[in-house]
Structure formats: structure tokens, C-alpha cells
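Undergrad: Handing over input.csv, CSV, C-alpha atoms.
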```csv
chain,number,residue,atom,x,y,z
A,7,MET,CA,-13.0,2.5,-2.7
A,8,ALA,CA,-13.1,1.8,-6.5
A,9,LEU,CA,-15.3,3.8,-8.7
A,10,GLU,CA,-18.6,2.0,-9.3
A,11,ARG,CA,-19.1,1.2,-12.9
A,12,THR,CA,-22.8,1.5,-13.8
A,13,PRO,CA,-24.5,1.9,-17.1
A,14,LEU,CA,-24.6,5.4,-18.5
A,15,ALA,CA,-28.1,7.0,-18.7
A,16,PRO,CA,-29.5,6.9,-22.3
A,17,GLU,CA,-29.9,10.7,-22.4
A,18,ALA,CA,-26.2,11.1,-21.7
A,19,LEU,CA,-25.2,9.2,-24.9
A,20,SER,CA,-24.4,11.0,-28.1
A,21,PRO,CA,-26.8,10.3,-31.1
A,22,ALA,CA,-24.2,8.1,-32.7
A,23,VAL,CA,-23.7,6.0,-29.5
A,24,ALA,CA,-27.4,5.9,-28.7
A,25,LYS,CA,-28.2,4.6,-32.2
A,26,ALA,CA,-25.7,1.7,-31.7
A,27,VAL,CA,-26.0,0.8,-28.1
A,28,GLY,CA,-29.2,2.4,-26.8
A,29,PRO,CA,-32.2,0.5,-25.3
A,30,SER,CA,-33.9,0.4,-28.7
A,31,ALA,CA,-30.8,-0.8,-30.7
A,32,PRO,CA,-31.2,-4.3,-32.3
A,33,ALA,CA,-28.9,-7.0,-31.0
A,34,PRO,CA,-27.0,-7.3,-34.3
A,35,VAL,CA,-26.3,-3.6,-34.3
A,36,LYS,CA,-25.1,-3.8,-30.7
A,37,MET,CA,-22.8,-6.8,-31.6
A,38,MET,CA,-21.3,-4.9,-34.5
A,39,ALA,CA,-20.5,-2.0,-32.1
A,40,ALA,CA,-19.2,-4.4,-29.5
A,41,ARG,CA,-16.7,-5.7,-32.1
A,42,GLY,CA,-15.6,-2.2,-32.8
A,43,LEU,CA,-17.0,-2.2,-36.4
A,44,ALA,CA,-19.5,0.6,-36.0
A,45,PRO,CA,-18.4,3.9,-37.7
A,46,MET,CA,-17.5,6.1,-34.7
A,47,GLY,CA,-14.8,8.5,-33.6
A,48,PRO,CA,-12.5,7.6,-30.6
A,49,LYS,CA,-14.7,9.4,-28.1
A,50,ASP,CA,-17.9,7.7,-29.1
A,51,LEU,CA,-16.2,4.3,-29.6
A,52,VAL,CA,-14.8,4.0,-26.1
A,53,THR,CA,-18.2,5.2,-24.7
A,54,ALA,CA,-20.0,2.6,-26.7
A,55,LEU,CA,-17.6,-0.2,-25.6
A,56,TYR,CA,-18.0,0.7,-22.0
A,57,GLN,CA,-21.7,0.7,-22.2
A,58,LEU,CA,-21.8,-2.6,-24.0
A,59,SER,CA,-19.4,-4.2,-21.6
A,60,LEU,CA,-22.3,-3.9,-19.1
A,61,ASP,CA,-24.9,-5.3,-21.5
A,62,ALA,CA,-27.3,-7.9,-20.2
A,63,ASP,CA,-26.4,-10.1,-23.2
A,64,GLU,CA,-23.3,-12.0,-22.1
A,65,LYS,CA,-22.0,-12.5,-25.7
A,66,ILE,CA,-22.3,-8.7,-26.4
A,67,ALA,CA,-20.6,-7.8,-23.1
A,68,GLN,CA,-17.8,-10.3,-23.7
A,69,ALA,CA,-17.2,-9.0,-27.3
A,70,ALA,CA,-17.1,-5.4,-26.0
A,71,THR,CA,-14.6,-6.3,-23.3
A,72,GLN,CA,-12.4,-8.0,-25.8
A,73,SER,CA,-12.6,-5.1,-28.2
A,74,ALA,CA,-11.7,-2.6,-25.4
A,75,GLU,CA,-8.6,-4.6,-24.6
A,76,LYS,CA,-7.4,-4.5,-28.2
A,77,LEU,CA,-8.0,-0.9,-29.1
A,78,PRO,CA,-5.1,0.7,-30.9
A,79,PRO,CA,-3.0,3.2,-28.9
A,80,LYS,CA,-3.9,6.0,-31.3
A,81,VAL,CA,-7.6,5.6,-30.6
A,82,LEU,CA,-7.0,5.4,-26.8
A,83,SER,CA,-4.7,8.4,-26.9
A,84,ALA,CA,-7.4,10.5,-28.6
A,85,ALA,CA,-10.1,9.4,-26.3
A,86,LEU,CA,-8.3,9.5,-22.9
A,87,GLY,CA,-7.7,13.2,-23.2
A,88,GLU,CA,-11.4,13.9,-23.6
A,89,ALA,CA,-13.8,15.1,-20.9
A,90,LEU,CA,-15.7,11.7,-20.9
A,91,ASP,CA,-17.8,10.3,-18.2
A,92,PRO,CA,-15.5,9.4,-15.3
A,93,ARG,CA,-16.8,5.8,-15.4
A,94,VAL,CA,-15.7,5.4,-19.0
A,95,LEU,CA,-12.3,6.9,-18.3
A,96,ASP,CA,-11.9,4.6,-15.2
A,97,TYR,CA,-12.7,1.6,-17.4
A,98,PHE,CA,-10.0,2.3,-19.9
A,99,ALA,CA,-7.4,4.0,-17.5
A,100,LEU,CA,-6.8,0.8,-15.7
A,101,ARG,CA,-6.2,-1.1,-19.0
A,102,VAL,CA,-3.3,1.2,-20.1
A,103,VAL,CA,-1.2,1.1,-16.9
A,104,GLY,CA,1.7,-0.4,-18.8
A,105,ASP,CA,1.8,2.4,-21.4
A,106,ALA,CA,3.5,5.5,-20.0
A,107,THR,CA,2.2,7.7,-22.8
A,108,LEU,CA,-1.4,6.7,-22.4
A,109,VAL,CA,-1.1,6.9,-18.6
A,110,GLU,CA,0.1,10.5,-18.9
A,111,ARG,CA,-3.0,11.3,-20.9
A,112,VAL,CA,-5.1,10.0,-18.0
A,113,LEU,CA,-3.1,11.7,-15.3
A,114,LEU,CA,-3.4,15.1,-17.0
A,115,ASN,CA,-7.2,14.7,-17.6
A,116,SER,CA,-9.1,16.6,-15.0
A,117,ALA,CA,-12.3,14.7,-15.8
A,118,VAL,CA,-10.9,11.5,-14.4
A,119,ALA,CA,-12.4,10.6,-11.0
A,120,ASP,CA,-10.3,10.7,-7.8
A,121,GLU,CA,-11.1,7.0,-7.2
A,122,THR,CA,-9.5,6.1,-10.5
A,123,PHE,CA,-6.3,7.9,-9.4
A,124,VAL,CA,-6.2,5.8,-6.2
A,125,SER,CA,-6.4,2.6,-8.2
A,126,LEU,CA,-3.8,3.8,-10.6
A,127,ALA,CA,-1.4,4.9,-7.8
A,128,GLU,CA,-1.3,1.3,-6.6
A,129,GLN,CA,0.1,0.2,-9.9
A,130,LEU,CA,2.0,3.0,-11.6
A,131,SER,CA,5.7,3.2,-12.4
A,132,GLU,CA,8.1,5.6,-10.7
A,133,ALA,CA,7.9,8.2,-13.6
A,134,SER,CA,4.1,8.2,-13.7
A,135,LEU,CA,3.9,8.5,-9.9
A,136,GLU,CA,5.9,11.6,-10.1
A,137,ILE,CA,3.4,13.2,-12.5
A,138,LEU,CA,0.5,12.1,-10.2
A,139,ALA,CA,2.4,13.5,-7.1
A,140,GLY,CA,2.5,16.9,-8.8
A,141,ASN,CA,-1.2,17.4,-8.7
A,142,GLN,CA,-1.5,18.9,-5.2
A,143,GLN,CA,-5.1,20.0,-5.4
A,144,ARG,CA,-6.3,16.5,-6.3
A,145,LEU,CA,-4.1,14.9,-3.6
A,146,LEU,CA,-5.4,17.3,-0.9
A,147,ARG,CA,-9.0,16.7,-2.1
A,148,HIS,CA,-8.7,12.9,-2.0
A,149,PRO,CA,-5.9,11.9,0.5
A,150,GLN,CA,-6.4,8.2,-0.3
A,151,ILE,CA,-4.3,8.9,-3.4
A,152,ILE,CA,-1.4,9.8,-1.1
A,153,GLU,CA,-1.9,6.5,0.8
A,154,ALA,CA,-1.8,4.5,-2.4
A,155,ILE,CA,1.4,6.2,-3.5
A,156,TYR,CA,2.9,5.5,0.0
A,157,PHE,CA,2.2,1.7,-0.4
A,158,ASN,CA,3.5,1.5,-4.0
A,159,LYS,CA,7.1,0.3,-3.7
A,160,ARG,CA,8.0,2.1,-6.9
A,161,ALA,CA,7.3,5.6,-5.4
A,162,ARG,CA,10.4,7.6,-4.6
A,163,MET,CA,11.1,8.0,-0.9
A,164,SER,CA,11.8,11.7,-1.3
A,165,THR,CA,8.4,12.1,-3.0
A,166,VAL,CA,6.7,10.2,-0.2
A,167,ASP,CA,8.4,12.4,2.4
A,168,ARG,CA,7.2,15.5,0.5
A,169,LEU,CA,3.6,14.2,0.3
A,170,LEU,CA,3.6,13.3,4.0
A,171,GLU,CA,4.7,16.7,5.0
A,172,MET,CA,2.1,18.3,2.7
A,173,ALA,CA,-0.6,16.2,4.3
A,174,VAL,CA,0.5,17.1,7.8
A,175,ARG,CA,0.7,20.8,7.0
A,176,ASN,CA,-2.8,20.7,5.6
A,177,ASN,CA,-4.3,18.8,8.6
A,178,LEU,CA,-5.0,15.6,6.6
A,179,THR,CA,-5.4,12.2,8.3
A,180,LEU,CA,-3.8,9.4,6.5
A,181,ASP,CA,-4.0,5.7,7.0
A,182,VAL,CA,-0.3,5.0,6.9
A,183,PRO,CA,2.0,3.3,9.5
A,184,GLN,CA,2.7,5.4,12.7
A,185,TYR,CA,1.1,8.5,11.1
A,186,LYS,CA,0.0,10.2,14.3
A,187,GLN,CA,3.6,10.0,15.6
A,188,LEU,CA,4.9,11.2,12.3
A,189,VAL,CA,2.6,14.2,12.5
A,190,ALA,CA,4.1,15.1,15.9
A,191,GLN,CA,7.6,14.7,14.5
A,192,ILE,CA,7.0,16.8,11.4
A,193,MET,CA,5.2,19.5,13.2
A,194,GLY,CA,7.9,19.6,15.9
A,195,SER,CA,10.6,20.1,13.3
A,196,ALA,CA,8.6,22.8,11.6
A,197,ALA,CA,7.7,24.7,14.8
A,198,LYS,CA,9.8,27.7,13.9
A,199,GLU,CA,8.8,27.8,10.2
A,200,PRO,CA,6.1,30.3,8.9
A,201,PRO,CA,2.5,29.0,8.5
A,202,ALA,CA,1.9,26.7,5.5
A,203,ALA,CA,0.6,28.3,2.3
A,204,GLU,CA,-2.9,27.8,1.1
A,205,PRO,CA,-3.3,24.7,-1.2
A,206,VAL,CA,-2.4,25.5,-4.8
A,207,GLU,CA,-4.8,25.5,-7.7
A,208,ASP,CA,-5.2,22.3,-9.6
A,209,ALA,CA,-2.0,22.1,-11.8
A,210,ALA,CA,-3.6,19.8,-14.3
A,211,SER,CA,-6.5,22.2,-14.9
A,212,THR,CA,-4.4,25.3,-15.4
A,213,ASP,CA,-1.2,24.1,-16.9
A,214,PRO,CA,-0.9,20.6,-18.3
A,215,GLU,CA,2.9,20.7,-18.1
A,216,ALA,CA,3.0,21.8,-14.4
A,217,PRO,CA,3.0,18.3,-12.9
A,218,LEU,CA,5.8,17.3,-15.2
A,219,GLN,CA,7.8,20.4,-14.2
A,220,MET,CA,7.2,19.7,-10.5
A,221,ALA,CA,8.2,16.1,-10.9
A,222,GLU,CA,11.6,17.2,-12.2
A,223,GLU,CA,12.4,19.4,-9.3
A,224,ILE,CA,14.4,16.9,-7.3
A,225,THR,CA,17.9,17.6,-6.0
A,226,ALA,CA,21.0,15.5,-6.6
A,227,GLU,CA,21.0,14.7,-2.9
A,228,GLY,CA,17.4,13.6,-3.0
A,229,GLU,CA,18.1,11.3,-6.0
A,230,GLN,CA,21.0,9.7,-4.2
A,231,PHE,CA,18.8,9.1,-1.2
A,232,ASP,CA,16.1,7.6,-3.4
A,233,GLU,CA,18.7,5.2,-5.0
A,234,VAL,CA,19.7,3.8,-1.7
A,235,PHE,CA,16.1,3.2,-0.6
A,236,GLU,CA,15.2,1.7,-4.0
A,237,ALA,CA,18.2,-0.6,-4.0
A,238,LEU,CA,17.2,-1.9,-0.6
A,239,ILE,CA,13.5,-2.4,-1.2
A,240,ASP,CA,14.0,-4.0,-4.6
A,241,GLU,CA,16.5,-6.7,-3.3
A,242,THR,CA,14.9,-10.1,-2.8
A,243,TRP,CA,16.9,-11.9,-0.1
A,244,ASP,CA,14.2,-14.0,1.5
A,245,GLN,CA,14.6,-17.8,1.1
A,246,GLY,CA,11.5,-19.5,2.6
A,247,PRO,CA,8.9,-18.1,5.0
A,248,LEU,CA,11.4,-16.8,7.6
A,249,GLY,CA,13.8,-15.2,5.1
A,250,ASN,CA,17.0,-17.3,5.7
A,251,LEU,CA,19.9,-15.4,4.3
A,252,GLU,CA,22.5,-16.9,2.0
A,253,PHE,CA,25.0,-14.1,1.7
A,254,ASP,CA,28.0,-13.8,4.1
A,255,ALA,CA,28.1,-11.8,7.3
A,256,GLU,CA,30.1,-9.0,5.7
A,257,GLU,CA,27.4,-8.4,3.1
A,258,GLN,CA,24.7,-8.6,5.7
A,259,GLY,CA,26.4,-6.1,7.8
A,260,LYS,CA,26.8,-3.7,4.9
A,261,LYS,CA,23.0,-3.9,4.2
A,262,GLN,CA,22.3,-3.2,7.9
A,263,VAL,CA,24.5,-0.1,7.8
A,264,GLN,CA,22.6,1.2,4.7
A,265,ILE,CA,19.3,0.6,6.5
A,266,ALA,CA,20.5,2.4,9.6
A,267,GLU,CA,21.5,5.4,7.6
A,268,LEU,CA,18.0,5.9,6.2
A,269,SER,CA,15.7,8.6,7.7
A,270,VAL,CA,13.1,7.6,10.2
A,271,ASN,CA,10.3,7.9,7.6
A,272,ALA,CA,12.2,5.7,5.1
A,273,ARG,CA,12.9,3.0,7.8
A,274,ILE,CA,9.2,3.0,8.7
A,275,ARG,CA,8.2,2.6,5.0
A,276,LEU,CA,10.9,-0.1,4.5
A,277,ALA,CA,9.7,-1.9,7.6
A,278,THR,CA,6.1,-1.8,6.2
A,279,LEU,CA,6.8,-2.7,2.5
A,280,GLY,CA,10.1,-4.6,2.7
A,281,SER,CA,11.2,-8.2,3.1
A,282,VAL,CA,11.5,-10.5,6.1
A,283,PHE,CA,15.2,-9.4,6.2
A,284,HIS,CA,14.3,-5.7,6.4
A,285,ARG,CA,11.8,-6.4,9.2
A,286,THR,CA,14.3,-8.6,11.1
A,287,VAL,CA,16.7,-5.7,11.1
A,288,LEU,CA,14.2,-2.9,11.7
A,289,ILE,CA,12.2,-4.6,14.5
A,290,ARG,CA,15.3,-4.1,16.6
A,291,ASP,CA,15.5,-0.4,15.7
A,292,THR,CA,16.0,1.9,18.7
A,293,ASN,CA,13.3,4.2,17.3
A,294,ARG,CA,9.9,2.9,18.6
A,295,LEU,CA,8.1,4.0,15.5
A,296,VAL,CA,10.3,2.0,13.3
A,297,ALA,CA,10.2,-1.1,15.4
A,298,MET,CA,6.4,-1.0,15.7
A,299,ALA,CA,6.1,-0.5,11.9
A,300,ALA,CA,8.0,-3.7,11.4
A,301,ILE,CA,5.8,-5.8,13.7
A,302,GLU,CA,2.6,-4.2,12.4
A,303,SER,CA,3.5,-4.8,8.7
A,304,PRO,CA,0.7,-6.7,6.9
A,305,ALA,CA,3.4,-9.0,5.5
A,306,VAL,CA,4.3,-10.5,8.9
A,307,SER,CA,3.4,-14.2,8.8
A,308,GLU,CA,2.5,-16.3,11.8
A,309,GLN,CA,5.9,-18.1,11.6
A,310,GLU,CA,7.7,-14.7,11.7
A,311,ALA,CA,5.6,-13.5,14.6
A,312,ALA,CA,6.5,-16.7,16.5
A,313,ARG,CA,10.2,-16.0,16.0
A,314,HIS,CA,9.7,-12.4,17.3
A,315,ALA,CA,7.6,-13.6,20.2
A,316,GLY,CA,10.6,-15.5,21.6
A,317,ASN,CA,13.2,-12.7,20.9
A,318,ARG,CA,14.2,-11.3,24.3
A,319,GLY,CA,16.1,-8.5,22.6
A,320,LEU,CA,13.0,-6.8,21.3
A,321,SER,CA,11.3,-3.9,23.0
A,322,GLU,CA,8.4,-4.5,25.4
A,323,ASP,CA,6.1,-2.5,23.0
A,324,VAL,CA,6.7,-5.1,20.2
A,325,ILE,CA,6.0,-8.0,22.6
A,326,ARG,CA,2.9,-6.3,23.9
A,327,TYR,CA,1.7,-5.9,20.3
A,328,ILE,CA,2.1,-9.6,19.6
A,329,CYS,CA,0.2,-10.4,22.8
A,330,GLY,CA,-2.6,-8.2,21.7
A,331,ARG,CA,-3.1,-9.8,18.3
A,332,ARG,CA,-5.9,-12.3,18.8
A,333,ASP,CA,-5.3,-14.1,15.5
A,334,TRP,CA,-1.7,-14.8,16.6
A,335,GLN,CA,-2.8,-16.1,20.0
A,336,LYS,CA,-4.2,-19.2,18.2
A,337,SER,CA,-0.7,-20.3,17.5
A,338,TYR,CA,0.7,-22.7,20.0
A,339,GLN,CA,4.3,-21.8,19.2
A,340,ILE,CA,3.6,-18.1,19.7
A,341,LYS,CA,2.0,-18.8,23.1
A,342,LEU,CA,4.9,-20.9,24.2
A,343,ASN,CA,7.5,-18.4,23.1
A,344,LEU,CA,5.7,-15.5,24.8
A,345,VAL,CA,5.6,-17.4,28.1
A,346,ASN,CA,9.3,-18.0,27.8
A,347,ASN,CA,10.0,-14.3,27.0
A,348,PRO,CA,10.7,-12.2,30.2
A,349,LYS,CA,9.3,-9.2,28.4
A,350,CYS,CA,5.9,-10.7,28.0
A,351,PRO,CA,3.5,-8.9,30.4
A,352,LEU,CA,3.2,-11.0,33.6
A,353,ALA,CA,-0.6,-11.2,33.5
A,354,HIS,CA,-0.6,-12.4,29.9
A,355,ALA,CA,2.0,-15.0,30.5
A,356,MET,CA,0.1,-16.4,33.5
A,357,LYS,CA,-3.0,-16.6,31.3
A,358,LEU,CA,-1.2,-18.5,28.6
A,359,LEU,CA,0.2,-21.1,31.0
A,360,SER,CA,-3.1,-23.0,31.1
A,361,HIS,CA,-2.9,-23.4,27.3
A,362,LEU,CA,0.5,-25.1,27.3
A,363,ARG,CA,1.2,-28.8,27.2
A,364,ALA,CA,2.4,-30.5,30.5
A,365,ASN,CA,5.9,-31.1,29.2
A,366,ASP,CA,6.4,-27.4,28.2
A,367,VAL,CA,4.9,-26.2,31.6
A,368,ARG,CA,7.4,-28.5,33.4
A,369,MET,CA,10.3,-27.0,31.5
A,370,ILE,CA,9.1,-23.5,32.3
A,371,SER,CA,8.9,-24.4,36.0
A,372,ARG,CA,12.6,-25.3,36.0
A,373,SER,CA,13.8,-22.5,33.7
A,374,LYS,CA,16.1,-19.8,35.1
A,375,ASN,CA,15.3,-17.6,32.1
A,376,VAL,CA,11.7,-16.7,33.0
A,377,PRO,CA,10.6,-14.5,35.9
A,378,ALA,CA,10.4,-16.3,39.2
A,379,ALA,CA,6.6,-15.6,39.4
A,380,ILE,CA,6.1,-17.5,36.1
A,381,ALA,CA,8.2,-20.4,37.3
A,382,ARG,CA,6.2,-20.6,40.5
A,383,ALA,CA,2.9,-20.4,38.6
A,384,ALA,CA,4.1,-23.2,36.3
A,385,LYS,CA,4.9,-25.4,39.3
A,386,GLN,CA,1.5,-24.7,40.9
A,387,HIS,CA,-0.2,-25.5,37.6
A,388,LEU,CA,1.5,-28.9,37.5
A,389,GLN,CA,0.5,-29.6,41.1
A,390,ARG,CA,-3.1,-28.8,40.4
A,391,LYS,CA,-3.1,-31.0,37.3
A,392,SER,CA,-1.6,-33.9,39.2
A,393,GLY,CA,-4.0,-33.5,42.1
A,394,GLY,CA,-1.2,-32.7,44.5
```
Show me the file's structure as C-alpha cells.
TA:
Amino acid sequence: MALERTPLAPEALSPAVAKAVGPSAPAPVKMMAARGLAPMGPKDLVTALYQLSLDADEKIAQAATQSAEKLPPKVLSAALGEALDPRVLDYFALRVVGDATLVERVLLNSAVADETFVSLAEQLSEASLEILAGNQQRLLRHPQIIEAIYFNKRARMSTVDRLLEMAVRNNLTLDVPQYKQLVAQIMGSAAKEPPAAEPVEDAASTDPEAPLQMAEEITAEGEQFDEVFEALIDETWDQGPLGNLEFDAEEQGKKQVQIAELSVNARIRLATLGSVFHRTVLIRDTNRLVAMAAIESPAVSEQEAARHAGNRGLSEDVIRYICGRRDWQKSYQIKLNLVNNPKCPLAHAMKLLSHLRANDVRMISRSKNVPAAIARAAKQHLQRKSGG
């Protein structure tokens, strides 16, 4: 949940800010402050602009917003390191995402709200995410930050793995794909290891350089692993809604091999965040967690689901998931493909028969590729319709 931006209490304003933007300040004085013309230091200036951006006078609020967007980096750098009200820091932090130096000032400021870090984690670059990932106490205190890092394609896979393991060892519950199963997998592999250490003290509050140092502690093997994952997730192969591929079979096979060599965690994340091509490969993965992550990806379109519904090579778990999605059951093509798929649960296929057109039911009644029970039910359905 984003941090709620509400006006600051008058008593919380410094004398200089209260004089320019307080309840008793005349409109012309407010407008001067909104345009950044009032004589104030960086700390007071950003506070005044935040307060005026919420002013009841639309013109003043608009002027303050425009001034906030045009503040010089020097002013912002000085202000973003201060222990300002979290709402003020949130307001400006999300405006400097493209500036790595200013982002670093925000990430190392312990006064910034956890909710701001969640919003930032969704947008940050790889280098900035590494700094954020080093602040263990904040991550453990507010696990939604870990979730946001997971869903940011720019996050290193090795970093995501480390954060997932940290979450599991500290008994956190995350809203990421197949998390319960990942917990069992991680705990199973760590069964012989000593108990996890207690959470570390907030690195940002004790040593501002600590997150930076932790971010650099990545092995050459880990970096190579990251490069493979990044190359795969960054490629844009999809042409049209179903991701028709235009490179040759040899190149396609090479990509499939690279995907197969990824760890289970990486394949799950690629299935969730990747392209149609990635999902087409991973939905056939022999590991159930990976296959389910592919079909459960929020990026799966109705057209893509229809194609999977008719694929007899997929696992029964995947087909059952498609059957259970009520929104997909509104699609005629999905219903037709499911009935024609032998892996569709018999009871569900029987139920769908009554929703199909007569011509399609007739074809099913003659098909050798559907279970005999479905073919018989289709014939009986046609007889009832014809009054025979």
C-alpha cells in the first residue's frame, strides 16, 4: 500500500515554513513559496513545496508541483539526506528514480517510510536494487519490499534467491509465485544446517556504507548466472498476442537449453515475469512449480490460455487450473479446447458440453481423441436436442 500523503500539521512546520505556507499565510506569499522564490534552505523548501502541493487553491498546488519537479539536484541531494517527515521524503523520492545519486541518498536515509521503499523497489535499476537489498532489517520488518524486488525484472536473480532464503529462514510469508512450495524446498535443503542467525541491525542506521559493501559481495559464478537470466528476460521475441517466433529452430533450441539450465527459482521467476515464449517453454517443465508459475502468470492472456487449454502435452495440474479460472470459462474457444483435451477432468468436460454449438458437439461425438465417455455424452446431448 502506498504511503498516504496528507497535509503536515501546522505545529510540525518550522517557523520559516509556517510563515510561508501556514494557515494564516496570505495567498500571494503562498504562491511565491510555491514557485520556489521564498528564501529557504533545502530542507524547508521541499517541506513547503510538499505542503503547498496539497493546498486547496488549485493554482498554488499546481505551481508547487511544477516547482518540485524542477528542483536542482543540489537542493534535492541536500534535502533527501535529512530526517524529514516520511510523507515529504516519499513525495520527492518517487520523483528522482532516474537519478542514481539521489536515489542512493533516499535508500540510505532511515527516515524514509517502508511504504516508499516498496514503491521504489518496483522501479529501481539493478544497482539501486542491490543497495536496497542490503538493508536486511528493513526488508524483514516490511516483507512487501522483498515482493516488489522479486517482481522487478531488473533485480538480479542471485539477489532474489538470497532474499527468498532470508525470508524463509525468518519465517516470513511472501506473496510470490509458488512460495509455500519454495519454503518446503529451501527448508529441505537446509535441514542439516545450523539454525539461522538473528536478524542483523539496520545497516543504514549504523553504517551508511554497509549496504553498498554487501551489494558488492557477489561471486563470479553468481554474476555469470545473473547474466544468463538477464539476457533471457530482456529479450523481446513476442510477435503478436501469442508470441509467434521469427528466429530459426536452432536459435529457439539454444534458448530452450539456456532456460532448462536455470535453477528452479529462476525458472519460476522467468515464467512469472517473462514473455509468451518463456511461458510456452516453461509450462511444459517437468517441475510442477515451474509449470504452474507459467499458467498462473498475470501476463497470460485469454488467447494464450485457449492455446494451452487444447495442449494435450501439458500436465493435468495446468489443465485443472485453466478449468478453475472463472473468467477464462467465459471464452468459447477455451471451453471447446478443454472438452477436446483428454486431460480435462471428466466432470468439467461433461458440464461444458451443454455450452457448445451443435456442430462442435457433433465433431466431438465422432472424435477418437476424446475419452469414450465424452463422445457418448456428446451423442446423447445431440439426441436430446433433436428430440430423438
Undergrad: Go through A:Val52, A:Ala67, A:Val174, A:Leu126 and flag the residue nearest Leu100 (chain A), using all atoms listed in the file for the distances.
TA: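 Closest residue, counting all atoms listed in the file: A:Leu126.
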Undergrad: Using only C-alpha atoms for the distances, tell me which of A:Arg294, A:Lys341, A:Lys76, A:His284 is nearest to Leu320 (chain A).
TA: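 Under the stated criterion, the closest residue is A:Arg294.
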Undergrad: Give me the residues near Ala173 (chain A) as a PyMOL selection string, where near means some atom within 10 Å (using all atoms listed in the file) and where sequence neighbours in that chain fewer than 2 positions away do not count.
TA: chain A and resi 142+145-146+149+152+167-171+175-180+189
Undergrad: Restricting the calculation to all atoms listed in the file, which member of A:Lys186, A:Lys65, A:Arg368, A:Lys25 is positioned closest to Met46 (chain A)?
TA: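 For Met46 (chain A), the nearest of the given residues is A:Lys25.
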Undergrad: Excluding same-chain residues fewer than 3 positions from Gln150 (chain A), what lies within 7 Å of it counting only C-alpha atoms, as a list in words?
TA: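 Here the answer would be Val124, Glu153 and Ala154 of chain A.
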Undergrad: Hey, which of A:Ser303, A:Asn375, A:Gln339, A:Ser269 ends up closest to Leu362 (chain A)? Count only C-alpha atoms.
TA: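 Answer, going by the shortest atom-to-atom distance: A:Gln339.
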Undergrad: Excluding Glu88 (chain A) and any residue of its chain fewer than 4 positions from it, enumerate the residues within 10 Å of it, using only C-alpha atoms, and give them as number ranges by chain.
TA: A: 48-49, 83-84, 95, 111-112, 115-118
Undergrad: Do you have the CA of Glu257 (chain A)-CA of Glu233 (chain A) distance handy?
TA: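 Between CA of Glu257 (chain A) and CA of Glu233 (chain A) the gap works out to 18.1 Å.
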Undergrad: Counting all atoms listed in the file, which residue out of A:Ala62, A:Ala133, A:Leu108, A:Leu51 sits closest to Pro79 (chain A)?
TA: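 Ranking A:Ala62, A:Ala133, A:Leu108, A:Leu51 by distance to Pro79 (chain A), first place goes to A:Leu108.
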Undergrad: For CA of His387 (chain A) and CA of Ala311 (chain A), determine how far apart the two atoms are, in Å to one decimal place.
TA: 26.6 Å
Undergrad: Just how far from CA of Asn317 (chain A) is CA of Ala353 (chain A), in Å to one decimal?
TA: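 Spanning CA of Ala353 (chain A) to CA of Asn317 (chain A) is a straight-line distance of 18.7 Å.
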Undergrad: Return as JSON lines the residues of region 288-328 of chain A lying at most 10 Å from region 273-279 of chain A, together with the closest atom-to-atom pair for each and the distance in Å to one decimal, counting all atoms listed in the file, with rows in chain order and ascending residue number.
TA:
```
{"residue": "A:Leu288", "atom": "CA", "partner": "A:Ala277", "partner_atom": "CA", "distance": 6.2}
{"residue": "A:Ile289", "atom": "CA", "partner": "A:Ala277", "partner_atom": "CA", "distance": 7.8}
{"residue": "A:Asp291", "atom": "CA", "partner": "A:Arg273", "partner_atom": "CA", "distance": 9.0}
{"residue": "A:Asn293", "atom": "CA", "partner": "A:Arg273", "partner_atom": "CA", "distance": 9.6}
{"residue": "A:Arg294", "atom": "CA", "partner": "A:Ile274", "partner_atom": "CA", "distance": 9.9}
{"residue": "A:Leu295", "atom": "CA", "partner": "A:Ile274", "partner_atom": "CA", "distance": 7.0}
{"residue": "A:Val296", "atom": "CA", "partner": "A:Ile274", "partner_atom": "CA", "distance": 4.8}
{"residue": "A:Ala297", "atom": "CA", "partner": "A:Ala277", "partner_atom": "CA", "distance": 7.9}
{"residue": "A:Met298", "atom": "CA", "partner": "A:Ile274", "partner_atom": "CA", "distance": 8.5}
{"residue": "A:Ala299", "atom": "CA", "partner": "A:Ile274", "partner_atom": "CA", "distance": 5.7}
{"residue": "A:Ala300", "atom": "CA", "partner": "A:Ala277", "partner_atom": "CA", "distance": 4.5}
{"residue": "A:Ile301", "atom": "CA", "partner": "A:Ala277", "partner_atom": "CA", "distance": 8.2}
{"residue": "A:Glu302", "atom": "CA", "partner": "A:Thr278", "partner_atom": "CA", "distance": 7.5}
{"residue": "A:Ser303", "atom": "CA", "partner": "A:Thr278", "partner_atom": "CA", "distance": 4.7}
{"residue": "A:Pro304", "atom": "CA", "partner": "A:Thr278", "partner_atom": "CA", "distance": 7.3}
{"residue": "A:Ala305", "atom": "CA", "partner": "A:Thr278", "partner_atom": "CA", "distance": 7.7}
{"residue": "A:Val306", "atom": "CA", "partner": "A:Thr278", "partner_atom": "CA", "distance": 9.3}
```
Undergrad: Between A:Ser392, A:Ser59, A:Gln309, A:Asn346, which is the closest to Met37 (chain A) once you count only C-alpha atoms?
TA: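 Counting only C-alpha atoms, the residue closest to Met37 (chain A) is A:Ser59.
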